[in-house]
$ cat query.csv   # CSV, N, CA and C atoms
chain,number,residue,atom,x,y,z
A,1,MET,N,-13.5,8.8,-23.2
A,1,MET,CA,-12.4,9.7,-23.5
A,1,MET,C,-12.6,11.0,-22.9
A,2,ALA,N,-11.6,11.6,-22.3
A,2,ALA,CA,-11.8,12.9,-21.7
A,2,ALA,C,-11.6,14.0,-22.7
A,3,GLY,N,-12.5,14.9,-22.7
A,3,GLY,CA,-12.4,16.1,-23.6
A,3,GLY,C,-11.8,17.3,-22.8
A,4,LEU,N,-11.3,18.2,-23.5
A,4,LEU,CA,-10.7,19.4,-22.8
A,4,LEU,C,-11.8,20.2,-22.1
A,5,SER,N,-11.5,20.8,-21.0
A,5,SER,CA,-12.4,21.6,-20.2
A,5,SER,C,-12.6,22.9,-21.0
A,6,ARG,N,-13.6,23.7,-20.6
A,6,ARG,CA,-13.9,25.0,-21.2
A,6,ARG,C,-12.7,25.9,-21.0
A,7,TYR,N,-12.1,25.8,-19.8
A,7,TYR,CA,-10.9,26.6,-19.5
A,7,TYR,C,-9.8,26.3,-20.5
A,8,ALA,N,-9.4,25.0,-20.7
A,8,ALA,CA,-8.4,24.6,-21.6
A,8,ALA,C,-8.7,25.0,-23.0
A,9,GLN,N,-9.9,24.8,-23.4
A,9,GLN,CA,-10.3,25.2,-24.8
A,9,GLN,C,-10.1,26.7,-25.0
A,10,ARG,N,-10.5,27.6,-24.1
A,10,ARG,CA,-10.3,29.0,-24.2
A,10,ARG,C,-8.8,29.4,-24.3
A,11,GLU,N,-8.0,28.8,-23.4
A,11,GLU,CA,-6.6,29.1,-23.3
A,11,GLU,C,-5.9,28.7,-24.6
A,12,LEU,N,-6.2,27.5,-25.2
A,12,LEU,CA,-5.6,27.1,-26.4
A,12,LEU,C,-6.1,27.9,-27.6
A,13,LEU,N,-7.3,28.3,-27.7
A,13,LEU,CA,-7.8,29.1,-28.8
A,13,LEU,C,-7.2,30.5,-28.7
A,14,ASP,N,-7.1,31.1,-27.5
A,14,ASP,CA,-6.5,32.4,-27.4
A,14,ASP,C,-5.0,32.3,-27.8
A,15,HIS,N,-4.3,31.3,-27.4
A,15,HIS,CA,-2.9,31.1,-27.8
A,15,HIS,C,-2.8,30.9,-29.3
A,16,LEU,N,-3.6,30.1,-29.9
A,16,LEU,CA,-3.5,29.9,-31.4
A,16,LEU,C,-3.8,31.2,-32.2
A,17,MET,N,-4.8,32.0,-31.7
A,17,MET,CA,-5.2,33.2,-32.4
A,17,MET,C,-4.4,34.4,-32.0
A,18,LYS,N,-3.4,34.2,-31.2
A,18,LYS,CA,-2.4,35.2,-30.8
A,18,LYS,C,-3.1,36.3,-29.9
A,19,VAL,N,-4.1,36.0,-29.2
A,19,VAL,CA,-4.7,37.0,-28.3
A,19,VAL,C,-4.4,36.7,-26.8
A,20,GLY,N,-3.6,35.7,-26.6
A,20,GLY,CA,-3.1,35.3,-25.3
A,20,GLY,C,-2.0,34.3,-25.4
A,21,ALA,N,-1.2,34.2,-24.4
A,21,ALA,CA,-0.2,33.2,-24.4
A,21,ALA,C,-0.5,32.1,-23.3
A,22,TYR,N,-0.6,30.9,-23.7
A,22,TYR,CA,-0.8,29.8,-22.8
A,22,TYR,C,0.5,29.3,-22.3
A,23,THR,N,0.7,29.2,-21.0
A,23,THR,CA,1.9,28.6,-20.4
A,23,THR,C,1.5,27.2,-19.9
A,24,ALA,N,2.2,26.2,-20.4
A,24,ALA,CA,1.9,24.8,-20.0
A,24,ALA,C,2.1,24.7,-18.5
A,25,PRO,N,1.3,23.9,-17.8
A,25,PRO,CA,1.6,23.7,-16.4
A,25,PRO,C,2.9,22.9,-16.1
A,26,THR,N,3.4,23.2,-15.0
A,26,THR,CA,4.7,22.5,-14.6
A,26,THR,C,4.4,21.0,-14.6
A,27,HIS,N,3.3,20.5,-14.0
A,27,HIS,CA,2.9,19.1,-14.0
A,27,HIS,C,1.5,19.0,-14.3
A,28,ILE,N,1.1,17.8,-14.8
A,28,ILE,CA,-0.3,17.5,-15.0
A,28,ILE,C,-0.7,16.4,-13.9
A,29,TYR,N,-1.7,16.7,-13.2
A,29,TYR,CA,-2.1,15.8,-12.1
A,29,TYR,C,-3.4,15.1,-12.5
A,30,VAL,N,-3.5,13.8,-12.2
A,30,VAL,CA,-4.7,13.0,-12.4
A,30,VAL,C,-5.5,13.0,-11.0
A,31,ALA,N,-6.7,13.4,-11.1
A,31,ALA,CA,-7.6,13.4,-9.9
A,31,ALA,C,-8.7,12.4,-10.1
A,32,LEU,N,-9.0,11.6,-9.0
A,32,LEU,CA,-10.1,10.6,-9.1
A,32,LEU,C,-11.3,11.2,-8.4
A,33,PHE,N,-12.5,10.8,-9.0
A,33,PHE,CA,-13.8,11.3,-8.5
A,33,PHE,C,-14.7,10.1,-8.3
A,34,THR,N,-15.6,10.3,-7.3
A,34,THR,CA,-16.7,9.3,-7.0
A,34,THR,C,-17.9,9.6,-7.8
A,35,ASP,N,-18.0,10.7,-8.4
A,35,ASP,CA,-19.1,11.0,-9.4
A,35,ASP,C,-18.5,12.2,-10.2
A,36,SER,N,-19.3,12.8,-11.1
A,36,SER,CA,-18.7,13.8,-12.0
A,36,SER,C,-18.3,15.1,-11.3
A,37,SER,N,-18.6,15.3,-10.0
A,37,SER,CA,-18.3,16.5,-9.4
A,37,SER,C,-17.6,16.4,-8.0
A,38,THR,N,-17.4,15.2,-7.5
A,38,THR,CA,-16.9,15.0,-6.1
A,38,THR,C,-15.6,14.3,-6.2
A,39,GLU,N,-14.5,15.0,-5.9
A,39,GLU,CA,-13.2,14.4,-5.9
A,39,GLU,C,-13.1,13.4,-4.7
A,40,CYS,N,-12.3,12.4,-4.9
A,40,CYS,CA,-12.1,11.4,-3.9
A,40,CYS,C,-11.4,11.9,-2.7
A,41,THR,N,-11.8,11.4,-1.6
A,41,THR,CA,-11.1,11.7,-0.3
A,41,THR,C,-10.8,10.4,0.4
A,42,GLY,N,-9.9,10.4,1.3
A,42,GLY,CA,-9.6,9.2,2.1
A,42,GLY,C,-8.1,9.3,2.5
A,43,THR,N,-7.8,8.5,3.4
A,43,THR,CA,-6.4,8.4,3.9
A,43,THR,C,-5.5,8.0,2.8
A,44,ASP,N,-4.4,8.8,2.6
A,44,ASP,CA,-3.4,8.6,1.6
A,44,ASP,C,-3.8,8.9,0.2
A,45,TYR,N,-5.0,9.4,0.0
A,45,TYR,CA,-5.4,9.8,-1.4
A,45,TYR,C,-4.7,11.2,-1.7
A,46,ALA,N,-4.1,11.3,-2.9
A,46,ALA,CA,-3.6,12.5,-3.4
A,46,ALA,C,-3.6,12.4,-4.9
A,47,ARG,N,-3.8,13.5,-5.6
A,47,ARG,CA,-3.7,13.6,-7.1
A,47,ARG,C,-2.3,13.1,-7.4
A,48,GLU,N,-2.2,12.4,-8.6
A,48,GLU,CA,-0.9,11.9,-9.0
A,48,GLU,C,-0.4,12.6,-10.2
A,49,ILE,N,0.9,12.9,-10.3
A,49,ILE,CA,1.5,13.5,-11.5
A,49,ILE,C,1.5,12.5,-12.6
A,50,CYS,N,1.2,12.9,-13.8
A,50,CYS,CA,1.3,12.2,-15.0
A,50,CYS,C,1.8,13.1,-16.1
A,51,ASP,N,3.1,13.2,-16.2
A,51,ASP,CA,3.7,14.1,-17.2
A,51,ASP,C,4.2,13.3,-18.5
A,52,SER,N,3.8,12.1,-18.6
A,52,SER,CA,4.3,11.2,-19.7
A,52,SER,C,3.1,10.9,-20.6
A,53,TRP,N,3.0,11.6,-21.8
A,53,TRP,CA,1.9,11.4,-22.7
A,53,TRP,C,2.5,11.2,-24.1
A,54,ASP,N,1.8,10.4,-24.9
A,54,ASP,CA,2.3,10.2,-26.3
A,54,ASP,C,1.9,11.4,-27.2
A,55,ALA,N,2.4,11.5,-28.3
A,55,ALA,CA,2.0,12.6,-29.3
A,55,ALA,C,0.6,12.4,-29.7
A,56,ALA,N,-0.1,13.5,-30.1
A,56,ALA,CA,-1.5,13.4,-30.5
A,56,ALA,C,-1.5,12.6,-31.8
A,57,THR,N,-2.6,11.8,-31.9
A,57,THR,CA,-2.8,11.0,-33.2
A,57,THR,C,-3.4,11.9,-34.2
A,58,ASP,N,-3.5,11.4,-35.4
A,58,ASP,CA,-4.1,12.2,-36.5
A,58,ASP,C,-5.5,11.7,-36.7
A,59,ALA,N,-6.1,11.0,-35.7
A,59,ALA,CA,-7.4,10.5,-35.8
A,59,ALA,C,-8.4,11.7,-35.6
A,60,ASP,N,-9.7,11.4,-35.8
A,60,ASP,CA,-10.7,12.4,-35.6
A,60,ASP,C,-11.7,11.9,-34.6
A,61,PRO,N,-11.6,12.3,-33.3
A,61,PRO,CA,-10.8,13.4,-32.9
A,61,PRO,C,-9.4,13.0,-32.5
A,62,CYS,N,-8.5,13.9,-32.4
A,62,CYS,CA,-7.1,13.7,-32.0
A,62,CYS,C,-7.1,13.1,-30.6
A,63,VAL,N,-6.2,12.1,-30.3
A,63,VAL,CA,-6.2,11.5,-29.0
A,63,VAL,C,-4.7,11.4,-28.5
A,64,VAL,N,-4.6,11.6,-27.2
A,64,VAL,CA,-3.3,11.3,-26.6
A,64,VAL,C,-3.6,10.3,-25.4
A,65,ASP,N,-2.6,9.5,-25.1
A,65,ASP,CA,-2.7,8.5,-24.0
A,65,ASP,C,-1.5,8.7,-23.1
A,66,ASN,N,-1.7,8.3,-21.8
A,66,ASN,CA,-0.6,8.3,-20.9
A,66,ASN,C,0.3,7.1,-21.3
A,67,THR,N,1.6,7.4,-21.2
A,67,THR,CA,2.6,6.4,-21.7
A,67,THR,C,3.3,5.7,-20.5
A,68,GLY,N,3.0,6.1,-19.3
A,68,GLY,CA,3.5,5.4,-18.1
A,68,GLY,C,2.4,5.0,-17.2
A,69,ILE,N,2.7,4.1,-16.2
A,69,ILE,CA,1.8,3.7,-15.2
A,69,ILE,C,1.5,4.9,-14.3
A,70,ILE,N,0.3,5.1,-13.9
A,70,ILE,CA,-0.1,6.1,-12.9
A,70,ILE,C,-0.4,5.4,-11.7
A,71,ASP,N,0.4,5.6,-10.6
A,71,ASP,CA,0.3,4.8,-9.4
A,71,ASP,C,-0.1,5.7,-8.2
A,72,PHE,N,-1.3,5.5,-7.8
A,72,PHE,CA,-1.8,6.3,-6.6
A,72,PHE,C,-1.4,5.6,-5.3
A,73,GLY,N,-0.7,4.5,-5.3
A,73,GLY,CA,-0.3,3.9,-4.1
A,73,GLY,C,-1.4,3.0,-3.6
A,74,THR,N,-1.4,2.8,-2.3
A,74,THR,CA,-2.4,2.0,-1.6
A,74,THR,C,-3.3,2.8,-0.7
A,75,ALA,N,-4.6,2.6,-0.8
A,75,ALA,CA,-5.5,3.3,0.1
A,75,ALA,C,-5.2,3.0,1.5
A,76,GLY,N,-5.2,4.1,2.3
A,76,GLY,CA,-5.0,4.0,3.7
A,76,GLY,C,-6.2,3.6,4.5
A,77,ALA,N,-6.2,3.7,5.8
A,77,ALA,CA,-7.3,3.4,6.6
A,77,ALA,C,-8.6,4.2,6.2
A,78,GLY,N,-9.6,3.5,6.1
A,78,GLY,CA,-10.9,4.1,5.5
A,78,GLY,C,-10.9,3.9,4.0
A,79,ASP,N,-12.1,3.9,3.5
A,79,ASP,CA,-12.2,3.7,2.1
A,79,ASP,C,-12.1,5.0,1.3
A,80,TRP,N,-11.8,4.9,0.0
A,80,TRP,CA,-11.8,6.0,-0.9
A,80,TRP,C,-13.2,6.2,-1.6
A,81,GLY,N,-14.0,5.1,-1.5
A,81,GLY,CA,-15.3,5.2,-2.2
A,81,GLY,C,-15.2,4.5,-3.5
A,82,THR,N,-16.3,4.6,-4.3
A,82,THR,CA,-16.3,4.0,-5.6
A,82,THR,C,-15.8,5.0,-6.6
A,83,ILE,N,-14.7,4.8,-7.2
A,83,ILE,CA,-14.1,5.7,-8.2
A,83,ILE,C,-14.8,5.5,-9.5
A,84,SER,N,-15.4,6.5,-10.1
A,84,SER,CA,-16.1,6.4,-11.3
A,84,SER,C,-15.7,7.4,-12.4
A,85,HIS,N,-14.9,8.4,-12.1
A,85,HIS,CA,-14.5,9.5,-13.0
A,85,HIS,C,-13.1,9.9,-12.7
A,86,PHE,N,-12.5,10.6,-13.7
A,86,PHE,CA,-11.2,11.2,-13.5
A,86,PHE,C,-11.2,12.6,-14.2
A,87,ARG,N,-10.3,13.4,-13.8
A,87,ARG,CA,-10.0,14.7,-14.4
A,87,ARG,C,-8.6,15.0,-14.4
A,88,LEU,N,-8.1,15.8,-15.3
A,88,LEU,CA,-6.7,16.3,-15.2
A,88,LEU,C,-6.7,17.7,-14.7
A,89,SER,N,-5.7,18.0,-13.9
A,89,SER,CA,-5.6,19.3,-13.2
A,89,SER,C,-4.2,19.9,-13.4
A,90,ASP,N,-4.1,21.2,-13.2
A,90,ASP,CA,-2.8,21.9,-13.3
A,90,ASP,C,-2.3,22.1,-11.9
A,91,ALA,N,-2.9,21.5,-10.8
A,91,ALA,CA,-2.4,21.7,-9.5
A,91,ALA,C,-2.6,20.5,-8.7
A,92,ALA,N,-1.7,20.3,-7.7
A,92,ALA,CA,-1.8,19.1,-6.8
A,92,ALA,C,-2.9,19.1,-5.9
A,93,THR,N,-3.5,20.3,-5.5
A,93,THR,CA,-4.6,20.3,-4.5
A,93,THR,C,-5.4,21.5,-4.9
A,94,GLY,N,-6.6,21.6,-4.3
A,94,GLY,CA,-7.5,22.7,-4.3
A,94,GLY,C,-8.2,23.0,-5.6
A,95,ALA,N,-9.0,24.0,-5.6
A,95,ALA,CA,-9.8,24.4,-6.7
A,95,ALA,C,-8.8,24.9,-7.8
A,96,THR,N,-8.9,24.4,-9.0
A,96,THR,CA,-8.0,24.7,-10.1
A,96,THR,C,-8.7,25.0,-11.3
A,97,ASN,N,-7.9,25.4,-12.3
A,97,ASN,CA,-8.4,25.5,-13.7
A,97,ASN,C,-8.3,24.1,-14.2
A,98,TRP,N,-9.3,23.3,-14.2
A,98,TRP,CA,-9.3,21.9,-14.7
A,98,TRP,C,-8.9,21.9,-16.2
A,99,LEU,N,-8.1,20.9,-16.5
A,99,LEU,CA,-7.6,20.8,-17.9
A,99,LEU,C,-8.6,19.9,-18.7
A,100,THR,N,-9.3,19.0,-18.1
A,100,THR,CA,-10.3,18.2,-18.8
A,100,THR,C,-11.6,18.2,-18.0
A,101,ASP,N,-12.6,17.8,-18.7
A,101,ASP,CA,-13.9,17.6,-18.1
A,101,ASP,C,-13.8,16.3,-17.3
A,102,ALA,N,-14.8,16.1,-16.3
A,102,ALA,CA,-14.9,14.9,-15.6
A,102,ALA,C,-15.2,13.8,-16.6
A,103,THR,N,-14.5,12.7,-16.6
A,103,THR,CA,-14.7,11.7,-17.6
A,103,THR,C,-15.0,10.3,-16.9
A,104,GLU,N,-16.0,9.7,-17.3
A,104,GLU,CA,-16.4,8.4,-16.7
A,104,GLU,C,-15.4,7.3,-17.1
A,105,LEU,N,-15.0,6.6,-16.1
A,105,LEU,CA,-14.2,5.4,-16.3
A,105,LEU,C,-15.0,4.3,-17.0
A,106,THR,N,-14.4,3.5,-17.8
A,106,THR,CA,-15.1,2.3,-18.4
A,106,THR,C,-15.8,1.5,-17.4
A,107,THR,N,-15.0,1.2,-16.3
A,107,THR,CA,-15.5,0.4,-15.2
A,107,THR,C,-15.3,1.1,-13.8
A,108,SER,N,-16.3,1.4,-13.0
A,108,SER,CA,-16.1,1.9,-11.7
A,108,SER,C,-15.4,0.9,-10.8
A,109,LYS,N,-14.7,1.4,-9.8
A,109,LYS,CA,-14.0,0.5,-8.9
A,109,LYS,C,-14.1,1.0,-7.5
A,110,THR,N,-14.6,0.2,-6.6
A,110,THR,CA,-14.6,0.5,-5.2
A,110,THR,C,-13.3,0.3,-4.6
A,111,ILE,N,-12.8,1.4,-3.9
A,111,ILE,CA,-11.4,1.3,-3.3
A,111,ILE,C,-11.6,1.2,-1.8
A,112,ASN,N,-11.1,0.1,-1.3
A,112,ASN,CA,-11.2,-0.1,0.2
A,112,ASN,C,-9.8,0.0,0.8
A,113,SER,N,-9.7,0.2,2.1
A,113,SER,CA,-8.4,0.2,2.7
A,113,SER,C,-7.5,-0.9,2.3
A,114,GLY,N,-6.3,-0.6,1.9
A,114,GLY,CA,-5.3,-1.6,1.5
A,114,GLY,C,-5.3,-1.9,0.0
A,115,ASP,N,-6.3,-1.4,-0.7
A,115,ASP,CA,-6.3,-1.6,-2.2
A,115,ASP,C,-5.3,-0.8,-2.9
A,116,PRO,N,-4.5,-1.4,-3.8
A,116,PRO,CA,-3.7,-0.6,-4.7
A,116,PRO,C,-4.5,0.1,-5.8
A,117,VAL,N,-4.1,1.3,-6.2
A,117,VAL,CA,-4.8,2.0,-7.3
A,117,VAL,C,-3.8,2.4,-8.3
A,118,THR,N,-3.9,1.8,-9.5
A,118,THR,CA,-3.0,2.1,-10.6
A,118,THR,C,-3.8,2.1,-11.9
A,119,PHE,N,-3.3,2.9,-12.9
A,119,PHE,CA,-3.8,2.9,-14.3
A,119,PHE,C,-2.6,2.5,-15.2
A,120,PRO,N,-2.7,1.4,-16.0
A,120,PRO,CA,-1.7,1.1,-16.9
A,120,PRO,C,-1.4,2.1,-17.9
A,121,ALA,N,-0.3,2.1,-18.5
A,121,ALA,CA,0.0,2.9,-19.7
A,121,ALA,C,-1.1,2.7,-20.7
A,122,GLY,N,-1.5,3.8,-21.3
A,122,GLY,CA,-2.5,3.8,-22.4
A,122,GLY,C,-3.9,3.8,-21.9
A,123,ASP,N,-4.2,3.7,-20.6
A,123,ASP,CA,-5.5,3.7,-20.1
A,123,ASP,C,-6.3,5.0,-20.1
A,124,LEU,N,-5.6,6.1,-20.0
A,124,LEU,CA,-6.3,7.4,-20.0
A,124,LEU,C,-6.2,8.0,-21.4
A,125,ASP,N,-7.3,8.2,-22.1
A,125,ASP,CA,-7.4,8.8,-23.4
A,125,ASP,C,-7.9,10.2,-23.2
A,126,ILE,N,-7.2,11.2,-23.9
A,126,ILE,CA,-7.6,12.6,-23.8
A,126,ILE,C,-7.8,13.0,-25.3
A,127,THR,N,-8.9,13.7,-25.5
A,127,THR,CA,-9.2,14.1,-26.9
A,127,THR,C,-9.3,15.6,-27.0
A,128,LEU,N,-9.2,16.1,-28.1
A,128,LEU,CA,-9.4,17.5,-28.4
A,128,LEU,C,-10.7,17.6,-29.2
A,129,ASP,N,-11.8,17.8,-28.5
A,129,ASP,CA,-13.1,17.8,-29.2
A,129,ASP,C,-14.0,19.0,-28.7

$ encode --input "query.csv" --output "structure tokens"
Amino acid sequence: MAGLSRYAQRELLDHLMKVGAYTAPTHIYVALFTDSSTECTGTDYAREICDSWDAATDADPCVVDNTGIIDFGTAGAGDWGTISHFRLSDAATGATNWLTDATELTTSKTINSGDPVTFPAGDLDITLD
């Protein structure tokens, strides 16, 4: 399960304690990584918007899940590498204020040219911890 990044924790605490106002991002993007610090590259790779999440559970820790399929399309010419982690971002490209820490996938997946890349609804768990 992905935990909130230090940036997101600070923003939410400042917002809750009335010392800052957090403005939610226009979109939430899912980024794929080949390790905890290297974002995927390859023909036709791009971060994908995922703006559909369920309400937080009352569990300890609280959890939200994606409610729709996240579809990265099909890998173009050349491989994307072995995808092992994901992060959520507030931007489609570039260095950003990450919303979550890099989180290891349950199972890594090697993405070759022509492979479809999707995550079913409920596959990405985000916690507030």

$ axis_aligned_box --input "query.csv" --around "stretch 87-94 of chain A" --padding-each-side "6 Å" --output "JSON"
{"center_x": -6.0, "center_y": 18.2, "center_z": -9.8, "size_x": 20.6, "size_y": 21.6, "size_z": 23.0}

$ residues_around --input "query.csv" --residues "stretch 83-90 of chain A" --least-positions-apart "6" --cutoff "7 Å" --atoms "all atoms listed in the file" --output "count of residues only"
28

$ atom_distance --input "query.csv" --atom1 "atom CA of A:Gln9" --atom2 "atom CA of A:Asp60"
16.8 Å

$ atom_distance --input "query.csv" --atom1 "atom CA of A:Thr43" --atom2 "atom CA of A:Thr118"
16.2 Å

$ atom_distance --input "query.csv" --atom1 "atom CA of A:Ala121" --atom2 "atom C of A:Arg10"
28.3 Å

$ residues_around --input "query.csv" --residues "A:Pro120" --least-positions-apart "4" --cutoff "7 Å" --atoms "all atoms listed in the file" --output "number ranges by chain"
A: 66-70, 124

$ write_last_selection --input "query.csv" --atoms "N, CA and C atoms" --output "mmCIF file, keeping the file's coordinate frame"
data_model
loop_
_atom_site.group_PDB
_atom_site.id
_atom_site.type_symbol
_atom_site.label_atom_id
_atom_site.label_comp_id
_atom_site.auth_asym_id
_atom_site.auth_seq_id
_atom_site.Cartn_x
_atom_site.Cartn_y
_atom_site.Cartn_z
ATOM 1 N N ASN A 66 -1.700 8.300 -21.800
ATOM 2 C CA ASN A 66 -0.600 8.300 -20.900
ATOM 3 C C ASN A 66 0.300 7.100 -21.300
ATOM 4 N N THR A 67 1.600 7.400 -21.200
ATOM 5 C CA THR A 67 2.600 6.400 -21.700
ATOM 6 C C THR A 67 3.300 5.700 -20.500
ATOM 7 N N GLY A 68 3.000 6.100 -19.300
ATOM 8 C CA GLY A 68 3.500 5.400 -18.100
ATOM 9 C C GLY A 68 2.400 5.000 -17.200
ATOM 10 N N ILE A 69 2.700 4.100 -16.200
ATOM 11 C CA ILE A 69 1.800 3.700 -15.200
ATOM 12 C C ILE A 69 1.500 4.900 -14.300
ATOM 13 N N ILE A 70 0.300 5.100 -13.900
ATOM 14 C CA ILE A 70 -0.100 6.100 -12.900
ATOM 15 C C ILE A 70 -0.400 5.400 -11.700
ATOM 16 N N LEU A 124 -5.600 6.100 -20.000
ATOM 17 C CA LEU A 124 -6.300 7.400 -20.000
ATOM 18 C C LEU A 124 -6.200 8.000 -21.400
#

$ select_by_dssp --input "query.csv" --residues "chain A" --states "strand (DSSP E or B)" --output "ChimeraX atom specification"
/A:2-4,29-33,39,48-49,53,63-66,70-74,81-89,100,103-111,116-119,125-127

$ residues_near_point --input "query.csv" --point "(-13.4, 7.7, 0.5)" --cutoff "6.5 Å" --atoms "only N, CA and C atoms" --output "PyMOL selection string"
chain A and resi 40-43+78-82

$ closest_residue --input "query.csv" --among "A:Val117, A:Ala92, A:Ile126, A:Val63" --to "A:Glu48" --atoms "only C-alpha atoms"
A:Ala92

$ residues_around --input "query.csv" --residues "A:Val64" --least-positions-apart "4" --cutoff "6 Å" --atoms "only N, CA and C atoms" --output "ChimeraX atom specification"
/A:54-57,124-127

$ select_by_dssp --input "query.csv" --residues "chain A" --states "alpha helix (DSSP H)" --output "list in words"
Arg6, Tyr7, Ala8, Gln9, Arg10, Glu11, Leu12, Leu13, Asp14, His15 and Leu16 of chain A
